[in-house]
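Undergrad: This one is entry25.csv, CSV, C-alpha atoms.
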```csv
chain,number,residue,atom,x,y,z
A,30,MET,CA,44.9,64.3,7.1
A,31,THR,CA,46.7,64.6,3.9
A,32,ALA,CA,50.1,62.9,4.3
A,33,VAL,CA,52.0,60.6,6.6
A,34,GLY,CA,55.6,59.7,7.4
A,35,SER,CA,57.4,57.4,9.7
A,36,TYR,CA,60.8,56.3,11.1
A,37,LEU,CA,62.1,53.3,12.9
A,38,PRO,CA,65.6,53.1,14.4
A,39,ALA,CA,68.0,50.8,12.6
A,40,ASN,CA,68.6,48.6,15.6
A,41,VAL,CA,66.3,45.6,15.4
A,42,VAL,CA,66.0,43.3,18.4
A,43,THR,CA,64.3,40.0,17.8
A,44,ASN,CA,62.7,37.9,20.5
A,45,GLU,CA,65.6,35.4,20.1
A,46,ALA,CA,68.1,38.2,20.7
A,47,LEU,CA,66.1,39.4,23.7
A,48,SER,CA,66.2,36.0,25.3
A,49,SER,CA,70.0,36.2,25.5
A,50,PHE,CA,69.7,38.6,28.4
A,51,VAL,CA,66.0,38.4,29.5
A,52,ASP,CA,64.4,35.3,31.1
A,53,THR,CA,62.0,34.7,28.2
A,54,ASP,CA,61.8,33.0,24.8
A,55,ASP,CA,60.2,33.7,21.4
A,56,ALA,CA,57.2,31.3,21.9
A,57,TRP,CA,56.3,32.9,25.3
A,58,ILE,CA,56.3,36.4,23.8
A,59,ARG,CA,54.5,35.6,20.6
A,60,ARG,CA,51.8,33.6,22.5
A,61,ARG,CA,51.0,36.4,24.8
A,62,THR,CA,51.5,39.5,22.6
A,63,GLY,CA,52.0,38.6,19.0
A,64,ILE,CA,55.4,40.5,19.0
A,65,ALA,CA,58.4,39.1,17.1
A,66,GLN,CA,60.8,42.0,17.2
A,67,ARG,CA,61.1,45.6,18.1
A,68,HIS,CA,63.3,48.6,17.0
A,69,LEU,CA,65.5,50.3,19.7
A,70,VAL,CA,67.2,53.7,19.6
A,71,ALA,CA,71.0,53.7,19.1
A,72,ASP,CA,73.2,55.4,21.7
A,73,GLY,CA,72.9,59.2,21.2
A,74,GLU,CA,69.7,58.9,19.2
A,75,THR,CA,66.9,60.9,20.8
A,76,THR,CA,63.1,61.3,20.5
A,77,ALA,CA,63.7,64.5,18.6
A,78,ASP,CA,65.8,62.7,16.1
A,79,LEU,CA,63.0,60.1,15.5
A,80,ALA,CA,60.4,62.9,15.2
A,81,TYR,CA,62.5,64.7,12.7
A,82,HIS,CA,62.9,61.8,10.3
A,83,ALA,CA,59.2,61.0,10.5
A,84,ALA,CA,58.2,64.7,10.1
A,85,THR,CA,60.4,65.3,7.1
A,86,LYS,CA,59.0,62.3,5.3
A,87,ALA,CA,55.4,63.4,6.0
A,88,LEU,CA,56.2,66.9,4.8
A,89,ALA,CA,57.8,65.6,1.6
A,90,ASN,CA,54.8,63.4,1.0
A,91,ALA,CA,52.5,66.4,1.4
A,92,GLY,CA,54.7,68.5,-0.9
A,93,LEU,CA,55.4,71.0,1.9
A,94,THR,CA,58.4,72.4,3.9
A,95,GLY,CA,58.6,73.3,7.5
A,96,GLY,CA,57.9,76.9,6.6
A,97,ASP,CA,54.4,75.9,5.6
A,98,ILE,CA,53.5,74.5,9.0
A,99,ASP,CA,51.6,76.7,11.6
A,100,LEU,CA,51.3,74.2,14.4
A,101,ILE,CA,53.5,71.3,15.7
A,102,ILE,CA,52.3,68.9,18.4
A,103,ILE,CA,54.4,66.0,19.5
A,104,ALA,CA,52.8,63.3,21.6
A,105,THR,CA,55.5,61.6,23.7
A,106,THR,CA,56.2,60.1,27.1
A,107,THR,CA,59.9,60.2,26.5
A,108,PRO,CA,60.9,63.8,25.7
A,109,ASP,CA,64.5,64.7,25.3
A,110,ASN,CA,64.4,67.1,28.3
A,111,THR,CA,62.1,67.9,31.1
A,112,PHE,CA,62.0,71.3,29.2
A,113,PRO,CA,62.0,72.7,26.6
A,114,SER,CA,59.5,70.6,24.7
A,115,THR,CA,60.7,68.2,22.0
A,116,ALA,CA,58.3,70.0,19.7
A,117,THR,CA,60.3,73.2,19.9
A,118,LYS,CA,63.4,71.2,19.0
A,119,LEU,CA,61.6,69.8,16.0
A,120,GLN,CA,60.3,73.3,15.1
A,121,HIS,CA,63.9,74.5,14.9
A,122,MET,CA,65.1,71.4,13.0
A,123,ILE,CA,62.6,71.7,10.2
A,124,GLU,CA,62.8,75.5,10.2
A,125,ALA,CA,59.1,76.0,10.9
A,126,LYS,CA,59.7,79.6,12.1
A,127,GLY,CA,56.6,81.1,13.8
A,128,ALA,CA,54.8,77.8,14.3
A,129,ILE,CA,53.1,77.1,17.6
A,130,ALA,CA,54.9,74.1,19.1
A,131,PHE,CA,54.3,72.0,22.2
A,132,ASP,CA,54.3,68.4,23.6
A,133,ILE,CA,51.4,66.5,25.0
A,134,GLN,CA,51.6,63.5,27.4
A,135,ALA,CA,48.9,60.9,27.1
A,136,VAL,CA,51.1,57.9,26.8
A,137,CYS,CA,49.8,55.3,24.3
A,138,ALA,CA,46.7,57.4,23.6
A,139,GLY,CA,48.9,60.5,22.9
A,140,PHE,CA,48.5,60.5,19.2
A,141,VAL,CA,44.7,60.4,19.3
A,142,TYR,CA,44.8,63.2,21.9
A,143,ALA,CA,47.2,65.3,19.8
A,144,LEU,CA,45.1,64.8,16.7
A,145,ASP,CA,42.0,66.1,18.5
A,146,ILE,CA,43.9,69.1,19.8
A,147,ALA,CA,45.4,70.0,16.4
A,148,ASP,CA,42.0,69.7,14.7
A,149,ALA,CA,40.3,71.9,17.3
A,150,MET,CA,43.1,74.5,17.0
A,151,LEU,CA,43.0,74.6,13.2
A,152,GLN,CA,39.2,74.8,13.2
A,153,SER,CA,39.3,77.7,15.6
A,154,GLY,CA,41.6,79.7,13.3
A,155,ARG,CA,45.0,79.0,14.8
A,156,GLY,CA,46.5,78.2,11.4
A,157,HIS,CA,46.0,76.2,8.2
A,158,ARG,CA,48.5,73.3,8.5
A,159,ALA,CA,49.5,71.2,11.5
A,160,LEU,CA,52.2,68.6,12.0
A,161,VAL,CA,51.1,65.9,14.5
A,162,VAL,CA,53.8,63.5,15.6
A,163,GLY,CA,53.9,60.5,17.9
A,164,ALA,CA,57.5,59.8,18.9
A,165,GLU,CA,58.9,57.6,21.6
A,166,SER,CA,62.2,56.3,22.9
A,167,PHE,CA,60.3,54.0,25.2
A,168,SER,CA,63.1,51.6,25.7
A,169,LYS,CA,64.6,54.3,28.0
A,170,LEU,CA,61.8,53.5,30.5
A,171,LEU,CA,62.1,49.7,30.6
A,172,ASP,CA,63.3,47.5,33.4
A,173,TRP,CA,65.2,44.9,31.5
A,174,GLU,CA,64.9,42.4,34.4
A,175,ASP,CA,61.1,42.5,34.2
A,176,ARG,CA,60.1,40.2,31.4
A,177,THR,CA,56.4,41.1,31.8
A,178,THR,CA,57.0,44.6,30.5
A,179,CYS,CA,60.4,44.9,28.8
A,180,VAL,CA,59.4,42.5,25.9
A,181,LEU,CA,56.4,44.6,25.0
A,182,PHE,CA,57.8,47.9,23.9
A,183,GLY,CA,59.9,49.5,21.1
A,184,ASP,CA,61.0,52.9,19.7
A,185,GLY,CA,59.9,54.9,16.7
A,186,ALA,CA,58.0,57.8,15.3
A,187,GLY,CA,55.1,58.6,13.0
A,188,ALA,CA,53.9,61.9,11.7
A,189,VAL,CA,50.8,63.2,9.9
A,190,VAL,CA,50.0,66.5,8.2
A,191,LEU,CA,46.6,68.1,8.8
A,192,GLU,CA,45.5,70.8,6.3
A,193,LEU,CA,42.4,73.0,6.7
A,194,ALA,CA,40.3,73.4,3.6
A,195,ASP,CA,37.2,75.4,2.9
A,196,ASP,CA,35.8,72.7,0.6
A,197,ALA,CA,36.7,69.7,2.9
A,198,GLY,CA,33.1,68.4,3.0
A,199,ASP,CA,33.2,65.0,4.8
A,200,TRP,CA,37.0,64.7,4.4
A,201,GLY,CA,39.3,64.9,7.4
A,202,ILE,CA,38.4,64.2,11.0
A,203,ARG,CA,34.8,63.0,11.2
A,204,SER,CA,34.6,62.5,15.0
A,205,SER,CA,36.9,62.3,18.0
A,206,VAL,CA,36.1,61.2,21.5
A,207,LEU,CA,38.5,61.3,24.5
A,208,HIS,CA,38.2,60.0,28.1
A,209,SER,CA,40.3,59.7,31.2
A,210,ASP,CA,40.0,58.1,34.7
A,211,GLY,CA,42.8,58.8,37.2
A,212,ALA,CA,41.3,56.2,39.6
A,213,TYR,CA,43.2,53.6,37.6
A,214,ARG,CA,46.6,55.3,37.4
A,215,ASP,CA,48.3,52.6,39.5
A,216,ILE,CA,47.7,49.8,37.1
A,217,LEU,CA,50.1,51.3,34.5
A,218,TYR,CA,52.7,54.0,35.3
A,219,VAL,CA,56.4,54.9,35.4
A,220,ASP,CA,57.7,55.5,38.9
A,221,GLY,CA,59.7,58.6,39.8
A,222,GLY,CA,59.7,62.1,38.3
A,223,PRO,CA,60.9,65.7,39.0
A,224,SER,CA,58.3,66.7,41.5
A,225,SER,CA,58.6,63.5,43.5
A,226,ASN,CA,62.3,64.1,43.9
A,227,ALA,CA,63.1,60.8,42.4
A,228,ALA,CA,64.9,59.8,39.2
A,229,VAL,CA,62.6,58.7,36.4
A,230,GLY,CA,62.1,55.0,36.9
A,231,HIS,CA,60.6,52.1,34.9
A,232,VAL,CA,57.3,51.0,33.5
A,233,ARG,CA,55.1,49.2,36.1
A,234,MET,CA,52.0,47.4,34.9
A,235,GLU,CA,49.3,45.1,36.1
A,236,GLY,CA,48.8,43.3,32.8
A,237,LYS,CA,45.5,41.5,33.4
A,238,GLU,CA,43.9,44.7,34.6
A,239,VAL,CA,45.2,46.7,31.7
A,240,PHE,CA,43.9,44.1,29.3
A,241,ARG,CA,40.5,44.1,30.8
A,242,HIS,CA,40.1,47.8,30.8
A,243,ALA,CA,41.5,48.1,27.2
A,244,VAL,CA,39.0,45.7,25.7
A,245,GLU,CA,36.0,47.3,27.6
A,246,LYS,CA,36.9,51.0,27.1
A,247,LEU,CA,38.1,50.8,23.5
A,248,ALA,CA,34.9,49.1,22.4
A,249,SER,CA,32.8,51.7,24.2
A,250,VAL,CA,34.7,54.7,22.9
A,251,MET,CA,34.6,53.4,19.3
A,252,ASP,CA,30.8,53.1,19.6
A,253,GLU,CA,30.8,56.7,20.8
A,254,ALA,CA,32.9,57.9,17.9
A,255,LEU,CA,30.8,56.0,15.4
A,256,SER,CA,27.6,57.5,16.9
A,257,ALA,CA,29.1,61.0,16.8
A,258,ALA,CA,29.9,60.7,13.1
A,259,ASN,CA,26.5,59.1,12.4
A,260,MET,CA,28.3,56.0,11.0
A,261,GLN,CA,28.2,52.3,11.4
A,262,ALA,CA,31.2,49.9,11.8
A,263,GLY,CA,30.5,48.7,8.3
A,264,ASP,CA,31.3,52.2,7.0
A,265,ILE,CA,34.9,51.8,8.1
A,266,ASP,CA,37.5,50.9,5.4
A,267,TRP,CA,40.3,50.3,7.9
A,268,LEU,CA,40.8,49.9,11.6
A,269,VAL,CA,44.2,51.3,12.5
A,270,PRO,CA,44.4,50.5,16.2
A,271,HIS,CA,47.1,51.1,18.9
A,272,GLN,CA,49.5,48.3,18.5
A,273,ALA,CA,49.8,47.1,22.1
A,274,ASN,CA,48.8,43.4,22.0
A,275,VAL,CA,47.5,41.3,19.2
A,276,ARG,CA,44.8,39.9,21.5
A,277,ILE,CA,43.4,43.4,22.1
A,278,ILE,CA,43.5,44.2,18.4
A,279,ASP,CA,41.6,40.9,17.6
A,280,ALA,CA,39.0,41.7,20.3
A,281,MET,CA,38.3,45.1,18.6
A,282,GLN,CA,38.1,43.4,15.2
A,283,LYS,CA,35.5,41.0,16.5
A,284,LYS,CA,33.6,43.8,18.3
A,285,MET,CA,33.4,45.8,15.0
A,286,ASP,CA,32.7,42.7,13.0
A,287,LEU,CA,35.4,43.6,10.5
A,288,PRO,CA,37.3,41.1,8.3
A,289,SER,CA,40.9,40.5,9.3
A,290,ASP,CA,42.2,42.0,6.0
A,291,ARG,CA,40.7,45.4,7.0
A,292,VAL,CA,42.7,45.7,10.2
A,293,VAL,CA,46.3,47.1,10.2
A,294,ARG,CA,48.6,45.1,12.3
A,295,THR,CA,52.2,46.1,12.9
A,296,VAL,CA,52.7,44.9,16.5
A,297,GLU,CA,54.6,41.8,15.3
A,298,GLN,CA,57.3,44.0,13.8
A,299,HIS,CA,57.2,47.2,15.9
A,300,ALA,CA,56.0,46.0,19.3
A,301,ASN,CA,54.2,48.7,21.4
A,302,THR,CA,55.7,52.1,20.5
A,303,SER,CA,53.2,54.0,22.7
A,304,ALA,CA,52.2,57.3,21.1
A,305,ALA,CA,54.0,56.4,17.9
A,306,SER,CA,52.1,53.2,17.3
A,307,ILE,CA,49.1,54.4,15.4
A,308,PRO,CA,50.9,56.8,13.0
A,309,LEU,CA,53.6,54.1,12.4
A,310,ALA,CA,50.8,51.6,11.5
A,311,LEU,CA,49.1,54.2,9.4
A,312,SER,CA,52.3,55.0,7.5
A,313,ALA,CA,53.0,51.3,6.9
A,314,ALA,CA,49.6,50.8,5.3
A,315,VAL,CA,49.7,53.9,3.2
A,316,ASP,CA,53.2,53.1,2.0
A,317,ASP,CA,52.3,49.6,0.9
A,318,GLY,CA,49.1,50.8,-0.9
A,319,ARG,CA,46.5,49.3,1.4
A,320,ILE,CA,45.2,52.6,2.6
A,321,LYS,CA,44.2,54.8,-0.3
A,322,ASN,CA,43.0,58.4,-0.8
A,323,GLY,CA,39.4,58.6,0.5
A,324,ASP,CA,39.5,55.6,2.8
A,325,VAL,CA,37.7,56.0,6.1
A,326,LEU,CA,39.9,55.1,9.1
A,327,ALA,CA,39.0,54.2,12.7
A,328,MET,CA,41.8,54.8,15.2
A,329,GLU,CA,41.7,54.0,18.9
A,330,ALA,CA,44.1,53.7,21.8
A,331,ILE,CA,44.3,53.5,25.6
A,332,GLY,CA,47.3,54.3,27.9
A,333,GLY,CA,48.3,54.9,31.4
A,334,GLY,CA,46.2,57.4,33.3
A,335,LEU,CA,44.0,55.8,32.3
A,336,VAL,CA,43.4,57.8,29.2
A,337,TRP,CA,41.7,56.5,26.0
A,338,GLY,CA,40.1,57.8,22.8
A,339,ALA,CA,39.0,57.1,19.3
A,340,ALA,CA,38.9,59.1,16.1
A,341,LEU,CA,37.3,58.5,12.7
A,342,VAL,CA,39.1,60.1,9.7
A,343,LYS,CA,38.6,60.2,6.0
A,344,PHE,CA,42.2,60.1,4.7
A,345,GLY,CA,43.7,62.2,2.0
A,346,ARG,CA,42.2,65.1,0.1
A,347,PRO,CA,39.5,65.5,-2.6
A,348,SER,CA,40.8,64.8,-6.1
```
Please render this file's structure as structure tokens.
TA:
Amino acid sequence: MTAVGSYLPANVVTNEALSSFVDTDDAWIRRRTGIAQRHLVADGETTADLAYHAATKALANAGLTGGDIDLIIIATTTPDNTFPSTATKLQHMIEAKGAIAFDIQAVCAGFVYALDIADAMLQSGRGHRALVVGAESFSKLLDWEDRTTCVLFGDGAGAVVLELADDAGDWGIRSSVLHSDGAYRDILYVDGGPSSNAAVGHVRMEGKEVFRHAVEKLASVMDEALSAANMQAGDIDWLVPHQANVRIIDAMQKKMDLPSDRVVRTVEQHANTSAASIPLALSAAVDDGRIKNGDVLAMEAIGGGLVWGAALVKFGRPS
């Protein structure tokens, strides 16, 4: 993972602004989630647009152009169209002619899933460079009369460049572990969809159940990822978690026995941006100088399905 880029829509909606049309207030939202504001797409702004801005920044930071990319994977729950994929739109926008391009749908765990797929494809000889993007216009799925869900989410995109190298050594993805359990699909979902002959609906969530599963499953999968990489939690330089809820992030920090200043938190400013949340947080910490070349990162996420996973990555490239 050699470079990152991100993009947030210009429209910032604070908790105070949200309370003007939702039955809520700043104190209620902060106490339960840690969120202070979120970015929402403008009229006419699409998931492909968000992905494009994040991808071009990542490519520029890697010193590459679209023509250097062999594989594009976009993790999104909010594609521009049922088909074609948003990834093929991005392929055209960045002029990545000949690149394999497709979307994956694993909701909030989508970036971790996409990272694993891209790594496997590069390792199997399907190219040398991949662009992995998490991009969401999640506000399009919200019921603005349901204060238990609409306050939680925001829009944005983050992108990373993966490059295959013969002399990588212990650089790059050290381990990746993925899980799913469809028995719990009804605790977090969006109603409607093409095959059910119903218009796409809104996010529906049993918050207490989701929280319980998140804390339990994220702790377990992180242990698996550490074991697979023959590492201890103390070997981690930065925890870059899915930014769903500050209480879940704090629980993972405690579980891993990490100091607070080694955990990247952007949920206050970004809210939950689903598949975009980890790369947005990663990009923020790289941009401000916290994450440096050679740092070892732990990333984890859980989303509707349920689907969850964790990955350990040594960021950057050998000097």
Undergrad: Within 6 Å of region 308-320 of chain A, counting only C-alpha atoms, which residues show up once you throw out same-chain ones fewer than 6 positions away? Write them as an mmCIF file with C-alpha atoms, in the frame of the given file, please.
TA:
```
data_model
loop_
_atom_site.group_PDB
_atom_site.id
_atom_site.type_symbol
_atom_site.label_atom_id
_atom_site.label_comp_id
_atom_site.auth_asym_id
_atom_site.auth_seq_id
_atom_site.Cartn_x
_atom_site.Cartn_y
_atom_site.Cartn_z
ATOM 1 C CA VAL A 33 52.000 60.600 6.600
ATOM 2 C CA GLY A 34 55.600 59.700 7.400
ATOM 3 C CA SER A 35 57.400 57.400 9.700
ATOM 4 C CA GLY A 187 55.100 58.600 13.000
ATOM 5 C CA THR A 295 52.200 46.100 12.900
#
```
Undergrad: Using all atoms listed in the file, determine which residues lie at most 12 Å from Pro38 (chain A), disregarding the query and same-chain residues fewer than 4 positions distant; provide the list as a ChimeraX atom specification.
TA: /A:42,67-76,78-80,82-83,164-166,168,183-187,299,302
Undergrad: Using only C-alpha atoms, which protein or nucleic acid residues come within 6 Å of Trp337 (chain A)? Drop anything in the same chain fewer than 3 positions from it, and give the result as a list in words.
TA: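 Close residues of Trp337 (chain A): Ala138, Leu207, His208, Ala330 and Ile331 of chain A.
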Undergrad: Just write the chosen residues, C-alpha atoms, as a compact mmCIF listing (two decimals), in the frame of the given file.
TA:
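Contents of selection36.txt, freshly written:
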```txt
# COMPACT_ATOMS: atom_id res chain seq x y z
CA ALA A 138 46.70 57.40 23.60
CA LEU A 207 38.50 61.30 24.50
CA HIS A 208 38.20 60.00 28.10
CA ALA A 330 44.10 53.70 21.80
CA ILE A 331 44.30 53.50 25.60
```
Undergrad: Considering all atoms listed in the file, return as a PyMOL selection string whatever protein or nucleic-acid residues lie within 7 Å of Val136 (chain A), sequence-local ones (same chain, fewer than 4 positions apart) excluded.
TA: chain A and resi 105-106+303-304+332-333
Undergrad: Export, as an mmCIF file, in the frame of the given file, the selected residues with C-alpha atoms.
TA:
```
data_model
loop_
_atom_site.group_PDB
_atom_site.id
_atom_site.type_symbol
_atom_site.label_atom_id
_atom_site.label_comp_id
_atom_site.auth_asym_id
_atom_site.auth_seq_id
_atom_site.Cartn_x
_atom_site.Cartn_y
_atom_site.Cartn_z
ATOM 1 C CA THR A 105 55.500 61.600 23.700
ATOM 2 C CA THR A 106 56.200 60.100 27.100
ATOM 3 C CA SER A 303 53.200 54.000 22.700
ATOM 4 C CA ALA A 304 52.200 57.300 21.100
ATOM 5 C CA GLY A 332 47.300 54.300 27.900
ATOM 6 C CA GLY A 333 48.300 54.900 31.400
#
```
Undergrad: Between A:Asp220, A:Phe240, A:Ala257, A:Thr177, which is the closest to Thr53 (chain A) once you count all atoms listed in the file?
TA: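 So, comparing all the options, the nearest one is A:Thr177.
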Undergrad: What lies within 8 Å of Met30 (chain A) using only C-alpha atoms, ignoring chain neighbours under 6 positions off, as a ChimeraX atom specification?
TA: /A:189-192,201-202,342-346
Undergrad: At most 8 Å from (52.1, 67.8, 9.6), file frame, only C-alpha atoms: which residues, as a PyMOL selection string?
TA: chain A and resi 32-33+84+87-88+98+101+158-162+188-192
Undergrad: Under the rule that all atoms listed in the file are counted, which of A:Val141, A:Gly95, A:Trp267, A:Lys321 is the nearest residue to Asp290 (chain A)?
TA: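 Result for the nearest residue to Asp290 (chain A): A:Trp267.
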Undergrad: Just add N, CA and C atoms to region 276-304 of chain A and send it as a PDB file, in the coordinates of the input.
TA:
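Generated file (out34.pdb):
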```pdb
ATOM      1  N   ARG A 276      46.032  40.391  20.956  1.00  0.00           N
ATOM      2  CA  ARG A 276      44.800  39.900  21.500  1.00  0.00           C
ATOM      3  C   ARG A 276      43.761  41.074  21.650  1.00  0.00           C
ATOM      4  N   ILE A 277      44.254  42.267  22.018  1.00  0.00           N
ATOM      5  CA  ILE A 277      43.400  43.400  22.100  1.00  0.00           C
ATOM      6  C   ILE A 277      42.902  43.848  20.716  1.00  0.00           C
ATOM      7  N   ILE A 278      43.817  43.812  19.751  1.00  0.00           N
ATOM      8  CA  ILE A 278      43.500  44.200  18.400  1.00  0.00           C
ATOM      9  C   ILE A 278      42.415  43.189  17.841  1.00  0.00           C
ATOM     10  N   ASP A 279      42.611  41.893  18.087  1.00  0.00           N
ATOM     11  CA  ASP A 279      41.600  40.900  17.600  1.00  0.00           C
ATOM     12  C   ASP A 279      40.282  41.085  18.286  1.00  0.00           C
ATOM     13  N   ALA A 280      40.288  41.484  19.563  1.00  0.00           N
ATOM     14  CA  ALA A 280      39.000  41.700  20.300  1.00  0.00           C
ATOM     15  C   ALA A 280      38.270  42.888  19.620  1.00  0.00           C
ATOM     16  N   MET A 281      38.989  43.943  19.231  1.00  0.00           N
ATOM     17  CA  MET A 281      38.300  45.100  18.600  1.00  0.00           C
ATOM     18  C   MET A 281      37.835  44.718  17.196  1.00  0.00           C
ATOM     19  N   GLN A 282      38.583  43.917  16.470  1.00  0.00           N
ATOM     20  CA  GLN A 282      38.100  43.400  15.200  1.00  0.00           C
ATOM     21  C   GLN A 282      36.810  42.696  15.297  1.00  0.00           C
ATOM     22  N   LYS A 283      36.743  41.800  16.288  1.00  0.00           N
ATOM     23  CA  LYS A 283      35.500  41.000  16.500  1.00  0.00           C
ATOM     24  C   LYS A 283      34.379  41.931  16.930  1.00  0.00           C
ATOM     25  N   LYS A 284      34.649  42.891  17.820  1.00  0.00           N
ATOM     26  CA  LYS A 284      33.600  43.800  18.300  1.00  0.00           C
ATOM     27  C   LYS A 284      33.023  44.592  17.111  1.00  0.00           C
ATOM     28  N   MET A 285      33.867  45.022  16.174  1.00  0.00           N
ATOM     29  CA  MET A 285      33.400  45.800  15.000  1.00  0.00           C
ATOM     30  C   MET A 285      32.938  44.960  13.879  1.00  0.00           C
ATOM     31  N   ASP A 286      33.100  43.645  14.004  1.00  0.00           N
ATOM     32  CA  ASP A 286      32.700  42.700  13.000  1.00  0.00           C
ATOM     33  C   ASP A 286      33.349  43.033  11.631  1.00  0.00           C
ATOM     34  N   LEU A 287      34.659  43.275  11.694  1.00  0.00           N
ATOM     35  CA  LEU A 287      35.400  43.600  10.500  1.00  0.00           C
ATOM     36  C   LEU A 287      36.218  42.342  10.063  1.00  0.00           C
ATOM     37  N   PRO A 288      36.395  42.145   8.770  1.00  0.00           N
ATOM     38  CA  PRO A 288      37.300  41.100   8.300  1.00  0.00           C
ATOM     39  C   PRO A 288      38.730  41.368   8.692  1.00  0.00           C
ATOM     40  N   SER A 289      39.529  40.333   8.859  1.00  0.00           N
ATOM     41  CA  SER A 289      40.900  40.500   9.300  1.00  0.00           C
ATOM     42  C   SER A 289      41.714  41.375   8.323  1.00  0.00           C
ATOM     43  N   ASP A 290      41.377  41.299   7.030  1.00  0.00           N
ATOM     44  CA  ASP A 290      42.200  42.000   6.000  1.00  0.00           C
ATOM     45  C   ASP A 290      41.788  43.526   5.987  1.00  0.00           C
ATOM     46  N   ARG A 291      40.946  43.993   6.928  1.00  0.00           N
ATOM     47  CA  ARG A 291      40.700  45.400   7.000  1.00  0.00           C
ATOM     48  C   ARG A 291      41.165  46.005   8.354  1.00  0.00           C
ATOM     49  N   VAL A 292      42.074  45.275   8.983  1.00  0.00           N
ATOM     50  CA  VAL A 292      42.700  45.700  10.200  1.00  0.00           C
ATOM     51  C   VAL A 292      44.214  45.795  10.003  1.00  0.00           C
ATOM     52  N   VAL A 293      44.807  46.944  10.309  1.00  0.00           N
ATOM     53  CA  VAL A 293      46.300  47.100  10.200  1.00  0.00           C
ATOM     54  C   VAL A 293      46.941  46.604  11.414  1.00  0.00           C
ATOM     55  N   ARG A 294      47.832  45.644  11.236  1.00  0.00           N
ATOM     56  CA  ARG A 294      48.600  45.100  12.300  1.00  0.00           C
ATOM     57  C   ARG A 294      50.076  45.216  12.083  1.00  0.00           C
ATOM     58  N   THR A 295      50.741  45.930  12.959  1.00  0.00           N
ATOM     59  CA  THR A 295      52.200  46.100  12.900  1.00  0.00           C
ATOM     60  C   THR A 295      52.886  45.665  14.167  1.00  0.00           C
ATOM     61  N   VAL A 296      52.110  45.214  15.152  1.00  0.00           N
ATOM     62  CA  VAL A 296      52.700  44.900  16.500  1.00  0.00           C
ATOM     63  C   VAL A 296      53.741  43.819  16.377  1.00  0.00           C
ATOM     64  N   GLU A 297      53.609  42.902  15.425  1.00  0.00           N
ATOM     65  CA  GLU A 297      54.600  41.800  15.300  1.00  0.00           C
ATOM     66  C   GLU A 297      55.986  42.389  15.011  1.00  0.00           C
ATOM     67  N   GLN A 298      56.050  43.417  14.175  1.00  0.00           N
ATOM     68  CA  GLN A 298      57.300  44.000  13.800  1.00  0.00           C
ATOM     69  C   GLN A 298      57.790  45.166  14.595  1.00  0.00           C
ATOM     70  N   HIS A 299      56.857  45.919  15.164  1.00  0.00           N
ATOM     71  CA  HIS A 299      57.200  47.200  15.900  1.00  0.00           C
ATOM     72  C   HIS A 299      57.104  47.060  17.371  1.00  0.00           C
ATOM     73  N   ALA A 300      56.351  46.066  17.899  1.00  0.00           N
ATOM     74  CA  ALA A 300      56.000  46.000  19.300  1.00  0.00           C
ATOM     75  C   ALA A 300      55.134  47.234  19.655  1.00  0.00           C
ATOM     76  N   ASN A 301      55.005  47.550  20.922  1.00  0.00           N
ATOM     77  CA  ASN A 301      54.200  48.700  21.400  1.00  0.00           C
ATOM     78  C   ASN A 301      55.096  49.924  21.409  1.00  0.00           C
ATOM     79  N   THR A 302      54.873  50.856  20.507  1.00  0.00           N
ATOM     80  CA  THR A 302      55.700  52.100  20.500  1.00  0.00           C
ATOM     81  C   THR A 302      54.905  53.269  21.053  1.00  0.00           C
ATOM     82  N   SER A 303      53.952  52.980  21.916  1.00  0.00           N
ATOM     83  CA  SER A 303      53.200  54.000  22.700  1.00  0.00           C
ATOM     84  C   SER A 303      52.590  55.016  21.703  1.00  0.00           C
ATOM     85  N   ALA A 304      52.839  56.308  21.880  1.00  0.00           N
ATOM     86  CA  ALA A 304      52.200  57.300  21.100  1.00  0.00           C
ATOM     87  C   ALA A 304      52.545  57.243  19.584  1.00  0.00           C
TER      88      ALA A 304
END
```
